[in-house]
Amino acid sequence: MCGIVGYTGADTAKRILIEGLKRLEYRGYDSAGVALERTSAAGSCELDIVRRTGKVAGLESELAHMDPDSTCGIGHTRWATHGRPSQANAHPHVSCDGRIAVVHNGIIENFAELRTELEGRGHRFASETDTEVLAHLIEEAYAEAGDLMAAVRVACTQVVGAYGIAAVCADEPGVIAVARKDSPIVVGTGASGSYVASDVIALIDATRDVVVLEDGQFARLAPEGITYTDADGAPIEPAITHIDWDIDTAEKGGYPDFMLKEICEQPRVVRDTLVGRLGPNGELDIDELGLTFEELNLIDRVYVIACGTSYHAGLIAKNLIEAWARIPCEVEAASEFRYRNPIITPSTLVVAVSQSGETADTLAAIRDARIKGAKVFGITNVVGSPVARESDGVIYTKANKEIAVASTKSFIGQIVSLTLLAMLLGQAKGKLTTGQIRMLFHELGDTAAQIQWILDTQREAVHRAALACKDAQSALFVGRGMGAAISYEGALKLKEVSYLHAEAYAAGEMKHGPIALIDPGFPVIAVTTKSPTYDKVVSNLKECEARGAMIVAIATEGDEDIKQIADHVVYIPPVRDAFSAITASVPLQLLAREVAVMRGCDVDQPRNLAKSVTVE
Ligand code: AGP
């Protein structure tokens, strides 16, 4: 949450910061600001601080009249944690003398004590934020050290919490001091200068070779390059990561919004996630897990830990792991798992699923599980992310950068990756033969074309269903088995982007309470694909129909009978029940987006949300 960016070099800092902030806006968008260095008439360097509430576009308009000559600055787009969204609380925050400015992503847990101490020493605070203590701590340390990088290092010894920091000082023009602990920071040098950002997407136009800073590492950016130090100030040589995904990912490419673009990318995500995964003898190749078949065979319990949409991918995985490997699999919200005392032994496998790879609760759960002796696999979309680094093995989903806050293509990448893991466990446990693996693998690959068919043929049906839902106050999503797991994600997607209240229930649970909600016209969105429980779901829907519900069915192509009870039908191609989550999720994603667009919502940046949830 929160995005930071910085640039120093020969180019126009204002333009680079605004472009970077726009790309980082998925991380938070309640306010934004920049600090730009300016040479005064007297020849001294001064800092211009511009902050405002709302999105980066508003900040951009405000900056339009400013001097374009600045070649060094830092910027921030905020998701409020401490202090409401306001101009005063927007970053950058400055020292008392206005000569040091700081942008920060993370949380300073001991800010209240530090603030009291700093106020006692005469510092004046202008905001309610935790971040502002950093500006004053750096100011004090700078008075001693006379060196910005050293001052930032000293300040970092005083704070407890998580931070990605970029700081500038008017007395050291052209220098940006950067620090990192538990919040992502990437830096890189391009043809015209040096860059820092919370995410590589903000600097990929300038360079594809970046350094993903590790906790406790510091970087000093100057126009001519970057130097790296550890917490003691000793020089270090961090590893370079080459970014190979395409910059097109960061553009809408003719689509009206990123959410639709990313939904439409899903056939590619399926194909890319499967590339190179099946060996010539029918064995699955997931070497990066780092476990032999013998070691996998010893696993006797799996926990999937995740949040939000990633948690729903876990619900789907549970069905597959238990069916194919015949070992118990529990799915837990990471925020619950970390505060329980789950039963973990050396033969427990914990699978942490996180698109961003930086969700605070998931990371804390990983650390806890490892301390308790579990083997931890990460499934993430972000190379070098904390989840990747802190897991024993990692599978990267091949979704490429996902910009819309609502996860769509990364969800499909997660399901495909978890499906491979379930197959691998089934093979290692001797429950699936290589012949079965080969057959499942090819059917899994077929879902790419099936998704394409849905995208090509069902948009009009989804549109009609969305028109029928858009004015509702509330909606219910129902299904059984895989259908129930998908329903949870369908409901989350709808409420997240359209602000329409939605809940999901296992269809068989309806009669135990939720059916009381149904009155004439109440939308019930049902996953009624052909499955072993198809008839049961249809019976549950008849009970809803009898009470006047407006039913939208996600059904299997060729199922004409469903039209007798459903007001609207969106079809998916016939597919093995195990893979129905991959295809049936697509109409639900499209439905949520259509409803949101009809209700005038910003589908890419829904209110109150941020894509990376780095706070508890
Ligand atoms: C997805 O649409 C949501 N925005 C949200 O639930 C998300 O899945 C959750 O915050 C977990 O994020 P992660 O996968 O990056 O850990």
# chains A, B, ... in the order shown; residues from 1 in each chain; ligands from 1
>>> residues_around(residues="region 138-151 of chain A", least_positions_apart="5", cutoff="7 Å", atoms="only C-alpha atoms", output="PyMOL selection string")
chain A and resi 95+100+169+177+220
>>> select_by_dssp(residues="region 46-227 of chain A", states="strand (DSSP E)", output="ChimeraX atom specification")
/A:46-53,72-78,93-94,100-108,161-169,176-181,186-190,193-197,209-212,218-222,225-227
>>> write_last_selection(atoms="C-alpha atoms", output="compact mmCIF listing (two decimals), in the first residue's frame")
# COMPACT_ATOMS: atom_id res chain seq x y z
CA GLU A 46 15.24 24.53 -2.39
CA LEU A 47 12.53 21.88 -2.14
CA ASP A 48 9.11 22.54 -3.67
CA ILE A 49 6.52 20.38 -1.94
CA VAL A 50 3.18 19.88 -3.70
CA ARG A 51 0.52 17.63 -2.18
CA ARG A 52 -3.16 17.18 -2.71
CA THR A 53 -5.98 14.78 -1.97
CA CYS A 72 15.62 15.47 -8.93
CA GLY A 73 12.58 14.64 -6.85
CA ILE A 74 10.51 12.10 -4.98
CA GLY A 75 6.80 11.31 -5.16
CA HIS A 76 4.12 9.33 -3.34
CA THR A 77 0.61 8.01 -3.86
CA ARG A 78 -1.11 7.15 -0.59
CA HIS A 93 6.65 14.99 4.81
CA VAL A 94 9.28 17.52 5.67
CA ILE A 100 14.59 17.38 4.09
CA ALA A 101 11.61 15.60 2.50
CA VAL A 102 10.60 11.95 2.88
CA VAL A 103 8.19 9.57 1.19
CA HIS A 104 7.41 6.30 2.91
CA ASN A 105 5.52 3.08 2.27
CA GLY A 106 4.87 0.95 5.36
CA ILE A 107 4.06 1.57 8.99
CA ILE A 108 6.21 3.00 11.77
CA GLY A 161 8.02 -1.35 11.69
CA ALA A 162 8.04 -1.61 7.93
CA TYR A 163 9.40 0.90 5.52
CA GLY A 164 10.41 1.70 2.01
CA ILE A 165 11.83 5.20 2.22
CA ALA A 166 13.13 7.75 -0.24
CA ALA A 167 14.52 11.02 1.11
CA VAL A 168 15.98 14.17 -0.44
CA CYS A 169 17.86 17.01 1.20
CA ILE A 176 18.15 10.45 -3.05
CA ALA A 177 18.69 8.22 -0.03
CA VAL A 178 16.73 4.98 -0.04
CA ALA A 179 16.10 2.37 2.67
CA ARG A 180 14.05 -0.75 2.90
CA LYS A 181 12.59 -3.07 5.53
CA VAL A 186 13.44 -1.41 -6.56
CA VAL A 187 16.14 0.82 -7.97
CA GLY A 188 17.76 1.04 -11.36
CA THR A 189 19.91 3.24 -13.58
CA GLY A 190 18.74 4.26 -17.04
CA GLY A 193 19.67 8.97 -14.50
CA SER A 194 18.78 6.86 -11.47
CA TYR A 195 15.34 5.70 -10.40
CA VAL A 196 13.65 4.28 -7.31
CA ALA A 197 10.12 2.95 -6.97
CA ASP A 209 17.92 -4.42 -15.07
CA VAL A 210 16.94 -3.52 -11.55
CA VAL A 211 18.00 -4.18 -7.99
CA VAL A 212 15.29 -5.40 -5.69
CA PHE A 218 20.41 1.07 1.53
CA ALA A 219 20.89 2.80 -1.81
CA ARG A 220 22.26 6.25 -2.58
CA LEU A 221 21.00 7.51 -5.91
CA ALA A 222 22.90 10.18 -7.80
CA GLY A 225 24.65 6.01 -10.66
CA ILE A 226 23.73 4.15 -7.51
CA THR A 227 25.84 2.93 -4.59
>>> residues_around(residues="Arg367 (chain A)", least_positions_apart="6", cutoff="9 Å", atoms="only C-alpha atoms", output="list of chain:residue names")
A:Arg338, A:Glu390, A:Ser391
>>> residues_near_ligand(ligand="ligand 1", cutoff="7 Å", atoms="only C-alpha atoms and all ligand atoms", output="PDB file with all heavy atoms, in the first residue's frame")
ATOM      1  N   ALA A 306      -3.766 -17.652   2.650  1.00  0.00           N
ATOM      2  CA  ALA A 306      -3.882 -16.574   1.669  1.00  0.00           C
ATOM      3  C   ALA A 306      -4.960 -15.610   2.129  1.00  0.00           C
ATOM      4  O   ALA A 306      -5.619 -15.839   3.155  1.00  0.00           O
ATOM      5  CB  ALA A 306      -4.245 -17.162   0.307  1.00  0.00           C
ATOM      6  N   CYS A 307      -5.152 -14.554   1.369  1.00  0.00           N
ATOM      7  CA  CYS A 307      -6.183 -13.561   1.683  1.00  0.00           C
ATOM      8  C   CYS A 307      -7.004 -13.276   0.425  1.00  0.00           C
ATOM      9  O   CYS A 307      -6.491 -13.355  -0.690  1.00  0.00           O
ATOM     10  CB  CYS A 307      -5.552 -12.242   2.134  1.00  0.00           C
ATOM     11  SG  CYS A 307      -4.471 -12.400   3.554  1.00  0.00           S
ATOM     12  N   GLY A 308      -8.252 -12.895   0.643  1.00  0.00           N
ATOM     13  CA  GLY A 308      -9.102 -12.398  -0.441  1.00  0.00           C
ATOM     14  C   GLY A 308      -9.227 -13.378  -1.587  1.00  0.00           C
ATOM     15  O   GLY A 308      -9.494 -14.574  -1.404  1.00  0.00           O
ATOM     16  N   THR A 309      -9.010 -12.871  -2.778  1.00  0.00           N
ATOM     17  CA  THR A 309      -9.129 -13.706  -3.975  1.00  0.00           C
ATOM     18  C   THR A 309      -8.170 -14.891  -3.917  1.00  0.00           C
ATOM     19  O   THR A 309      -8.514 -16.009  -4.326  1.00  0.00           O
ATOM     20  CB  THR A 309      -8.842 -12.837  -5.224  1.00  0.00           C
ATOM     21  OG1 THR A 309      -9.931 -11.940  -5.389  1.00  0.00           O
ATOM     22  CG2 THR A 309      -8.677 -13.661  -6.469  1.00  0.00           C
ATOM     23  N   SER A 310      -6.976 -14.673  -3.402  1.00  0.00           N
ATOM     24  CA  SER A 310      -5.998 -15.769  -3.324  1.00  0.00           C
ATOM     25  C   SER A 310      -6.498 -16.873  -2.395  1.00  0.00           C
ATOM     26  O   SER A 310      -6.250 -18.059  -2.618  1.00  0.00           O
ATOM     27  CB  SER A 310      -4.655 -15.224  -2.835  1.00  0.00           C
ATOM     28  OG  SER A 310      -4.204 -14.219  -3.699  1.00  0.00           O
ATOM     29  N   VAL A 353      -0.319 -18.343  -0.901  1.00  0.00           N
ATOM     30  CA  VAL A 353      -0.715 -17.834  -2.213  1.00  0.00           C
ATOM     31  C   VAL A 353      -0.899 -16.324  -2.116  1.00  0.00           C
ATOM     32  O   VAL A 353      -1.663 -15.838  -1.285  1.00  0.00           O
ATOM     33  CB  VAL A 353      -2.033 -18.500  -2.684  1.00  0.00           C
ATOM     34  CG1 VAL A 353      -2.349 -18.079  -4.122  1.00  0.00           C
ATOM     35  CG2 VAL A 353      -1.947 -20.011  -2.574  1.00  0.00           C
ATOM     36  N   SER A 354      -0.175 -15.595  -2.948  1.00  0.00           N
ATOM     37  CA  SER A 354      -0.287 -14.134  -2.907  1.00  0.00           C
ATOM     38  C   SER A 354       0.116 -13.547  -4.250  1.00  0.00           C
ATOM     39  O   SER A 354       1.262 -13.689  -4.670  1.00  0.00           O
ATOM     40  CB  SER A 354       0.609 -13.562  -1.802  1.00  0.00           C
ATOM     41  OG  SER A 354       0.616 -12.157  -1.853  1.00  0.00           O
ATOM     42  N   GLN A 355      -0.822 -12.925  -4.899  1.00  0.00           N
ATOM     43  CA  GLN A 355      -0.521 -12.281  -6.183  1.00  0.00           C
ATOM     44  C   GLN A 355       0.637 -11.305  -6.028  1.00  0.00           C
ATOM     45  O   GLN A 355       1.633 -11.376  -6.737  1.00  0.00           O
ATOM     46  CB  GLN A 355      -1.783 -11.562  -6.694  1.00  0.00           C
ATOM     47  CG  GLN A 355      -1.656 -10.902  -8.048  1.00  0.00           C
ATOM     48  CD  GLN A 355      -0.902  -9.583  -8.049  1.00  0.00           C
ATOM     49  OE1 GLN A 355      -0.017  -9.378  -8.884  1.00  0.00           O
ATOM     50  NE2 GLN A 355      -1.178  -8.706  -7.110  1.00  0.00           N
ATOM     51  N   SER A 356       0.491 -10.377  -5.104  1.00  0.00           N
ATOM     52  CA  SER A 356       1.483  -9.310  -4.939  1.00  0.00           C
ATOM     53  C   SER A 356       2.769  -9.822  -4.311  1.00  0.00           C
ATOM     54  O   SER A 356       3.833  -9.243  -4.488  1.00  0.00           O
ATOM     55  CB  SER A 356       0.912  -8.215  -4.044  1.00  0.00           C
ATOM     56  OG  SER A 356       0.641  -8.740  -2.753  1.00  0.00           O
ATOM     57  N   GLY A 357       2.644 -10.884  -3.524  1.00  0.00           N
ATOM     58  CA  GLY A 357       3.802 -11.393  -2.803  1.00  0.00           C
ATOM     59  C   GLY A 357       4.219 -10.511  -1.649  1.00  0.00           C
ATOM     60  O   GLY A 357       5.306 -10.677  -1.094  1.00  0.00           O
ATOM     61  N   GLU A 358       3.363  -9.577  -1.251  1.00  0.00           N
ATOM     62  CA  GLU A 358       3.762  -8.700  -0.157  1.00  0.00           C
ATOM     63  C   GLU A 358       2.651  -8.482   0.866  1.00  0.00           C
ATOM     64  O   GLU A 358       2.745  -7.585   1.713  1.00  0.00           O
ATOM     65  CB  GLU A 358       4.288  -7.368  -0.683  1.00  0.00           C
ATOM     66  CG  GLU A 358       3.378  -6.627  -1.615  1.00  0.00           C
ATOM     67  CD  GLU A 358       3.953  -5.262  -2.028  1.00  0.00           C
ATOM     68  OE1 GLU A 358       4.439  -4.537  -1.166  1.00  0.00           O
ATOM     69  OE2 GLU A 358       3.894  -4.938  -3.219  1.00  0.00           O
ATOM     70  N   THR A 359       1.598  -9.291   0.808  1.00  0.00           N
ATOM     71  CA  THR A 359       0.507  -9.147   1.765  1.00  0.00           C
ATOM     72  C   THR A 359       1.026  -9.425   3.182  1.00  0.00           C
ATOM     73  O   THR A 359       1.572 -10.501   3.451  1.00  0.00           O
ATOM     74  CB  THR A 359      -0.637 -10.107   1.394  1.00  0.00           C
ATOM     75  OG1 THR A 359      -1.108  -9.734   0.102  1.00  0.00           O
ATOM     76  CG2 THR A 359      -1.769 -10.038   2.391  1.00  0.00           C
ATOM     77  N   THR A 362      -0.118 -12.652   5.043  1.00  0.00           N
ATOM     78  CA  THR A 362       0.399 -13.883   4.434  1.00  0.00           C
ATOM     79  C   THR A 362       1.880 -14.049   4.774  1.00  0.00           C
ATOM     80  O   THR A 362       2.334 -15.153   5.104  1.00  0.00           O
ATOM     81  CB  THR A 362       0.173 -13.857   2.907  1.00  0.00           C
ATOM     82  OG1 THR A 362      -1.210 -13.567   2.666  1.00  0.00           O
ATOM     83  CG2 THR A 362       0.536 -15.169   2.261  1.00  0.00           C
ATOM     84  N   VAL A 405      -7.061  -3.254  -9.578  1.00  0.00           N
ATOM     85  CA  VAL A 405      -6.993  -3.669  -8.173  1.00  0.00           C
ATOM     86  C   VAL A 405      -7.695  -5.015  -7.978  1.00  0.00           C
ATOM     87  O   VAL A 405      -7.238  -5.856  -7.206  1.00  0.00           O
ATOM     88  CB  VAL A 405      -7.585  -2.562  -7.272  1.00  0.00           C
ATOM     89  CG1 VAL A 405      -7.856  -3.076  -5.878  1.00  0.00           C
ATOM     90  CG2 VAL A 405      -6.608  -1.377  -7.222  1.00  0.00           C
ATOM     91  N   ALA A 406      -8.789  -5.221  -8.682  1.00  0.00           N
ATOM     92  CA  ALA A 406      -9.494  -6.509  -8.569  1.00  0.00           C
ATOM     93  C   ALA A 406      -8.714  -7.580  -9.331  1.00  0.00           C
ATOM     94  O   ALA A 406      -8.461  -7.444 -10.524  1.00  0.00           O
ATOM     95  CB  ALA A 406     -10.895  -6.377  -9.140  1.00  0.00           C
ATOM     96  N   SER A 407      -8.361  -8.622  -8.648  1.00  0.00           N
ATOM     97  CA  SER A 407      -7.599  -9.700  -9.289  1.00  0.00           C
ATOM     98  C   SER A 407      -8.478 -10.505 -10.229  1.00  0.00           C
ATOM     99  O   SER A 407      -9.566 -10.940  -9.844  1.00  0.00           O
ATOM    100  CB  SER A 407      -7.050 -10.655  -8.227  1.00  0.00           C
ATOM    101  OG  SER A 407      -6.000 -10.056  -7.557  1.00  0.00           O
ATOM    102  N   THR A 408      -7.995 -10.717 -11.432  1.00  0.00           N
ATOM    103  CA  THR A 408      -8.703 -11.608 -12.358  1.00  0.00           C
ATOM    104  C   THR A 408      -7.694 -12.599 -12.945  1.00  0.00           C
ATOM    105  O   THR A 408      -7.670 -13.756 -12.589  1.00  0.00           O
ATOM    106  CB  THR A 408      -9.394 -10.805 -13.489  1.00  0.00           C
ATOM    107  OG1 THR A 408      -8.439  -9.946 -14.118  1.00  0.00           O
ATOM    108  CG2 THR A 408     -10.559 -10.001 -12.943  1.00  0.00           C
ATOM    109  N   LYS A 493     -15.836 -10.351  -6.147  1.00  0.00           N
ATOM    110  CA  LYS A 493     -15.563  -9.506  -7.316  1.00  0.00           C
ATOM    111  C   LYS A 493     -16.664  -8.474  -7.470  1.00  0.00           C
ATOM    112  O   LYS A 493     -16.401  -7.302  -7.704  1.00  0.00           O
ATOM    113  CB  LYS A 493     -15.482 -10.406  -8.554  1.00  0.00           C
ATOM    114  CG  LYS A 493     -14.535  -9.997  -9.596  1.00  0.00           C
ATOM    115  CD  LYS A 493     -13.093 -10.394  -9.399  1.00  0.00           C
ATOM    116  CE  LYS A 493     -12.483  -9.938  -8.147  1.00  0.00           C
ATOM    117  NZ  LYS A 493     -11.192 -10.453  -7.810  1.00  0.00           N
ATOM    118  N   ALA A 610      -6.666  -1.138  -2.058  1.00  0.00           N
ATOM    119  CA  ALA A 610      -5.334  -1.011  -2.652  1.00  0.00           C
ATOM    120  C   ALA A 610      -4.915  -2.406  -3.068  1.00  0.00           C
ATOM    121  O   ALA A 610      -5.388  -3.392  -2.506  1.00  0.00           O
ATOM    122  CB  ALA A 610      -4.342  -0.446  -1.660  1.00  0.00           C
ATOM    123  N   LYS A 611      -4.068  -2.489  -4.043  1.00  0.00           N
ATOM    124  CA  LYS A 611      -3.723  -3.805  -4.579  1.00  0.00           C
ATOM    125  C   LYS A 611      -2.785  -4.580  -3.663  1.00  0.00           C
ATOM    126  O   LYS A 611      -2.878  -5.799  -3.573  1.00  0.00           O
ATOM    127  CB  LYS A 611      -3.080  -3.642  -5.957  1.00  0.00           C
ATOM    128  CG  LYS A 611      -2.872  -4.954  -6.645  1.00  0.00           C
ATOM    129  CD  LYS A 611      -3.358  -4.918  -8.057  1.00  0.00           C
ATOM    130  CE  LYS A 611      -3.370  -6.290  -8.676  1.00  0.00           C
ATOM    131  NZ  LYS A 611      -4.678  -6.929  -8.579  1.00  0.00           N
ATOM    132  N   SER A 612      -1.876  -3.880  -3.031  1.00  0.00           N
ATOM    133  CA  SER A 612      -0.953  -4.568  -2.130  1.00  0.00           C
ATOM    134  C   SER A 612      -1.310  -4.188  -0.708  1.00  0.00           C
ATOM    135  O   SER A 612      -1.253  -3.012  -0.360  1.00  0.00           O
ATOM    136  CB  SER A 612       0.481  -4.123  -2.408  1.00  0.00           C
ATOM    137  OG  SER A 612       0.816  -4.441  -3.725  1.00  0.00           O
ATOM    138  N   VAL A 613      -1.663  -5.178   0.084  1.00  0.00           N
ATOM    139  CA  VAL A 613      -2.133  -4.878   1.438  1.00  0.00           C
ATOM    140  C   VAL A 613      -1.001  -5.197   2.408  1.00  0.00           C
ATOM    141  O   VAL A 613      -0.875  -6.314   2.907  1.00  0.00           O
ATOM    142  CB  VAL A 613      -3.418  -5.653   1.760  1.00  0.00           C
ATOM    143  CG1 VAL A 613      -3.952  -5.252   3.129  1.00  0.00           C
ATOM    144  CG2 VAL A 613      -4.477  -5.352   0.697  1.00  0.00           C
TER     145      VAL A 613
END
>>> closest_residue(among="A:Trp245, A:Trp324, A:Tyr311, A:Trp79", to="Phe337 (chain A)", atoms="only C-alpha atoms")
A:Tyr311
>>> select_by_dssp(residues="region 358-423 of chain A", states="helix (DSSP H, G or I)", output="PyMOL selection string")
chain A and resi 360-371+386-390+409-423
>>> closest_residue(among="A:Asp456, A:Asp446, A:Asp257, A:Glu119", to="Glu594 (chain A)", atoms="only C-alpha atoms")
A:Asp257
